[in-house]
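A.B. asks: My questions will all concern the structure given below.
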Amino acid sequence: MKANKFILPISALAVLLLASCGGNNQQQGNGLTEAASGDMEAYENSDVNTLEQARPTIMVIPGDQTLQNFKCLKTQRIDGRDFILRDYQKYLLKDDRAERIISAIQNEFNAQGYPLNDFEQTLKQLDTQEALDMADGFEKDAKTMLLTVAQPDIILELTYDTSRDKMSMTSHNYSHKGDKNISYTLNALDAYTNKVVATMTASNIKGESTTQTIQADLKQNMPKFQQDIIKYFSDILTRGRDITVRVAVEKGCKVKLTDESIEGDTYADWIMDYIKTHTVKGAYKMQQNTAKELYFVNCRIKLLNEDGTQYGVYDWTRDLQKNLRKNLGLKCTNKAQGLGEVLISIQGIQ
Amino acid sequence: MLTVAITSCGGQQKQGTKFAPKDRESSLSDSERQAAIAQKKAELDSLNLDIQTLVFENNIKLTVLPPAATGDITEETSALMAGKMMQITAQNGVGGYGNSPAFALAVVMAPTGRAATGTAPQRMMTKYSITFFVSNMLTGDVYASHSEDVEGVGVTFQEATRNAVNEIKNTHALQQMLKTASKRIISWYNNVQGFKAIVEENVSKHEYETAYALLASVPKEATGCFEYAHKRLDQVLEDMNNQKAAETLAELRNAIAAAGDQYDPMPSGYLKMIPAKSKQYAEASKLYDDYVKHIQDVRMENIKHEQKMELERLALEQVKLQHQQKASMEVAEKAVSMPSASSDSETKQSDSGTKQSFGGKIVESFKKHPLLWGLGIGAVVTGVGGVAMYASLPTLTKIGLALL
């Protein structure tokens, strides 16, 4: 009975304390919901920013040399052909420095307000997605499975290595292991055009801690590196998105690109003319011209439609597909991927 | 800073485009839309496998022969393919595994390409040209075939191959191929004279198994052949059994020789395989009976021998017991004369000087305390008495008398 006397006041006190905590937060505005603010109306009324509409994904991925240093890259010969096998998951487990170095790079970008997608988490998410798809019974063809991978638009390829100076033969300091040399390279690559957007490299930096040394050096070189990335994006805004264009004939299709079309000239000529007139200032470069495939690089396409909606590679391919069907009677499929890869496959005459 | 810089780049666009999307306008009226949807549905339905138009019941048993597990084709992939083939054959006609493979649905998987991506995670891709064919396993004739290309992607080439096999579907083209094959098989059987010639040729060459398999495989639909096969089957079976009996008899002989004096179930198994009507049966029965009798004789001899050995062992045990009793008596007698032995020990102990053993210390203490003598002797006598009592009563009596 005596104990019961205290239960009610103590409970009341606890409730008051909890309530006061919440109340204080509200008053001070320190909570997540209170501290975060935004004006959607103002944002919607502002001008369209094309990079915000289709924000490119950036991801730090270990380079082949680093994988090899940790024995996570091997060559397998099958039927007289060498295949390079990369085991990224094994590498992430074997290299205890990987997470710290990658985090250091991500931190530098985050500090400048540019979030990066985490590579390790992406791999985990892909595994989860695969299991979930299996449970949901989704149909998956070979192409879908090929594309179910980490697909950053900008790859930050990281390669690093460490070595030690050889001990001097004239020195009698036998306990000295020799100075540690750390080298690293960080390349920013456009995944579609394979263009190097920015690069950062350092060789033989002295330091005992690999992570700390790379981190310190990254901090120093990051402004220049990020400036190069900004330059790349500014270039996109000025001259349009840089894309690759492939027009390929499917297996079994009797149409050849060198055949004469109903318009009189060849299919290849007609496509070439289309590209000339549908790229920003006619920017393109032919890479390959065969009876079965046309391949163009450095093609620049516009970023926006007149109504402010985004115009990407899929839209560009759709327009080409419509024209091929309407003007030449070709049956074709839009197989564009990501932000910079146009692929149109010709199946025959409609 | 980076975002701000990029955003400001976008913001600096001269046009200052506002986001003003418009909904897509359709040119179709509601009724036109409904009609178009119905037409689209009909188009999609026409792609489904029309089971009814493909039903053909010819009762031709097709044994499925999946690819052997080798290279990128694992046991699991082979089993997966077998399951798919079984499903394809079972839809029309009868599918089966293994026995009497007169007609088979076989498959050839020829790799046409391999590739490894440069993505993370890495993906492997395999491409196969797959050819299904229905053939007569006895004559080697192929009645129909169907080829298709399949590709699969996986983390390893083996997984990619399994996924490629998973892509194989029971299509209209495959069923059409089975239908064509069945028709050709029936027409092959309808050539009764030709069929008879093949069977009789095999019989004349004493290839009864092939002849039997041919006769047993005739479907009811091939009426002429079926009638002939029905009549001929029993005789060919008997011939086959007789031929088999001769071979089995030889195997029975070998099995009996290998068994020697031991019982082995193999000869019995071989005997059961020889038909009772065959010429070899009497000889086989005699061989087996002799073998069984020999085993029984050997066993009887063994039993007698074992009995003899047991009696000898018992006699030996008796002698051993007598010797043990004698030895116990001697031990007891020695125990009685123990005090003089301990005094000898005392003498030896005093000689050893300062380095006395534990036993020596005990003897020394006995010297100092005479009362311990009495207790010591008492303990020895009680111990010896116990041993003696355990040994035998007559001996105990003797010891008692000797002590008195």
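Following the order of the structure tokens, first chain is A, next is B, and so on, with residues numbered from 1 inside each chain and ligands from 1 in the order they appear.
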Counting only C-alpha atoms, a student should be able to say which residues of chain A come within 9 Å of chain B; what is the right answer, written as JSON, numbers by chain?

C.D. replies: {"A": [44, 45, 46, 47, 48, 49, 50, 51, 52, 61, 78, 83, 84, 85, 86, 87, 88, 89, 109, 111, 112, 113, 114, 119, 123, 126, 141, 142, 143, 145, 146, 147, 148, 149, 150, 151, 226, 227, 229, 230, 233, 234, 237, 238, 304, 306, 307, 308, 309]}

A.B. asks: Quick check for you: according to DSSP on this backbone, which residues of segment 27-153 of chain A are classed as strand (DSSP E)? Reply as a list of chain:residue names.

C.D. replies: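 Matching residues for strand (DSSP E) in segment 27-153 of chain A are A:Ile58, A:Met59, A:Val60, A:Ile61, A:Pro62, A:Leu73, A:Lys74, A:Thr75, A:Gln76, A:Arg77, A:Ile78, A:Arg81, A:Asp82, A:Phe83, A:Ile84, A:Leu85, A:Arg86.
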
A.B. asks: Next, dump the selected residues to file, keeping only C-alpha atoms, as a PDB file, in the first residue's frame.

C.D. replies:
```pdb
ATOM      1  CA  ILE A  58      28.564   9.253 -58.738  1.00  0.00           C
ATOM      2  CA  MET A  59      30.203   6.239 -57.127  1.00  0.00           C
ATOM      3  CA  VAL A  60      33.710   5.332 -55.943  1.00  0.00           C
ATOM      4  CA  ILE A  61      34.709   1.971 -57.430  1.00  0.00           C
ATOM      5  CA  PRO A  62      38.060   0.223 -56.839  1.00  0.00           C
ATOM      6  CA  LEU A  73      41.180 -10.205 -59.882  1.00  0.00           C
ATOM      7  CA  LYS A  74      42.114 -13.280 -61.836  1.00  0.00           C
ATOM      8  CA  THR A  75      42.277 -14.423 -65.419  1.00  0.00           C
ATOM      9  CA  GLN A  76      40.495 -17.565 -66.544  1.00  0.00           C
ATOM     10  CA  ARG A  77      41.120 -19.148 -69.914  1.00  0.00           C
ATOM     11  CA  ILE A  78      38.071 -20.791 -71.483  1.00  0.00           C
ATOM     12  CA  ARG A  81      39.987 -16.927 -74.574  1.00  0.00           C
ATOM     13  CA  ASP A  82      41.052 -15.093 -71.430  1.00  0.00           C
ATOM     14  CA  PHE A  83      38.319 -13.768 -69.175  1.00  0.00           C
ATOM     15  CA  ILE A  84      39.085 -11.294 -66.385  1.00  0.00           C
ATOM     16  CA  LEU A  85      37.134 -12.167 -63.280  1.00  0.00           C
ATOM     17  CA  ARG A  86      36.654  -9.414 -60.685  1.00  0.00           C
TER      18      ARG A  86
END
```

A.B. asks: Please provide the set of residues having any atom within 8 Å of Tyr288 of chain B, restricted to only C-alpha atoms, with same-chain residues fewer than 4 positions apart removed, written as a PyMOL selection string.

C.D. replies: chain B and resi 256+267-268+271+284+292
